[in-house]
Amino acid sequence: MSVPEARAHSLTELAQLIEEEHALGEEQGRDHFRRAGEYLLEVKEQLPRGKFGSWIRRHCSFDQSSASKYMRLAKDYREGSKALYDRLEAGKSPLRPNANSARWYGNVRESFKPEKFGRRTAEQIRAADLGRARETKLARDLSHKLIDVGYKVFAGKFHPDHRGGSHEAMQRLNKVRTALHAAADRLEIFQ
């Protein structure tokens, strides 16, 4: 078992190395997942606090939960926790499915099968979520504009300075406007 080189890599190099090790881990197993974990630990050391999760989402084909598992595997190996590695060597890998693998590592291969997501990649899912969020924001903005246009029309009719208008009618109109704006803020067009 070789350990990744002890030199500092750029974040771009690390992203490529992590993806390569992850892909090899899918085919060949635990040593590559551990190496991916080593590189992920190196990334985490280079990034400012609070930026690691967003870096994972932008640069990795797996989620932060898997990244945490890979880093835990690397830390256990680095700290000499032979109990975990002994289990791995004995074929009781928490990274591979078998009768003894109902552990927190889970079944890594199953987690990343595209058919679990309707054959959509994580990037496609994120893009769809962004599209839905953008459409929802546009719909909310349009709702607010329509409410304001309607308010101006009725304010002209109900304002106390105009014939037939009154303070009570204007108060009612303002209450309705406030309630409609609150409802527009909660508008969800994709359910």
# chains A, B, ... in the order shown; residues from 1 in each chain; ligands from 1
$ residues_around --residues "stretch 68-73 of chain A" --least-positions-apart "3" --cutoff "6 Å" --atoms "only C-alpha atoms" --output "ChimeraX atom specification"
/A:33-34,37,65,76
$ write_last_selection --atoms "N, CA and C atoms" --output "compact mmCIF listing (two decimals), in the first residue's frame"
# COMPACT_ATOMS: atom_id res chain seq x y z
N PHE A 33 -9.94 4.57 -2.17
CA PHE A 33 -10.81 5.43 -1.38
C PHE A 33 -9.98 6.12 -0.29
N ARG A 34 -9.04 5.39 0.31
CA ARG A 34 -8.18 5.97 1.34
C ARG A 34 -7.31 7.07 0.74
N GLY A 37 -9.21 10.04 0.29
CA GLY A 37 -9.35 10.68 1.60
C GLY A 37 -8.12 11.49 1.98
N SER A 65 -20.83 13.56 2.35
CA SER A 65 -20.89 12.41 3.25
C SER A 65 -19.83 11.37 2.85
N ASP A 76 -7.84 7.12 9.93
CA ASP A 76 -7.64 5.87 10.68
C ASP A 76 -6.34 5.21 10.25
$ residues_around --residues "stretch 12-18 of chain A" --least-positions-apart "4" --cutoff "8 Å" --atoms "only C-alpha atoms" --output "ChimeraX atom specification"
/A:22,35-37,39-40,43,59-60
$ write_last_selection --atoms "C-alpha atoms" --output "PDB file, in the first residue's frame"
ATOM      1  CA  HIS A  22     -12.540   7.771  -6.528  1.00  0.00           C
ATOM      2  CA  ARG A  35      -5.926   7.863  -1.106  1.00  0.00           C
ATOM      3  CA  ALA A  36      -8.882  10.006  -2.124  1.00  0.00           C
ATOM      4  CA  GLY A  37      -9.345  10.676   1.597  1.00  0.00           C
ATOM      5  CA  TYR A  39      -6.092  14.188  -0.915  1.00  0.00           C
ATOM      6  CA  LEU A  40      -9.372  15.460   0.554  1.00  0.00           C
ATOM      7  CA  VAL A  43      -7.723  20.143   0.300  1.00  0.00           C
ATOM      8  CA  HIS A  59     -15.190  19.644  -7.878  1.00  0.00           C
ATOM      9  CA  CYS A  60     -16.266  16.116  -6.904  1.00  0.00           C
TER      10      CYS A  60
END
$ atom_distance --atom1 "atom CA of A:Arg78" --atom2 "atom CA of A:Glu45"
15.4 Å
$ closest_residue --among "A:Lys44, A:Leu187, A:Ser61, A:Gln171" --to "A:Thr136" --atoms "only C-alpha atoms"
A:Leu187
$ residues_around --residues "A:Lys145" --least-positions-apart "6" --cutoff "10 Å" --atoms "only C-alpha atoms" --output "list in words"
Ala139, Tyr151 and His181 of chain A
$ atom_distance --atom1 "atom CA of A:Asp63" --atom2 "atom CA of A:Asp31"
19.0 Å
$ closest_residue --among "A:Glu21, A:Asp129, A:Asp185, A:Glu38" --to "A:Leu142" --atoms "only C-alpha atoms"
A:Asp185
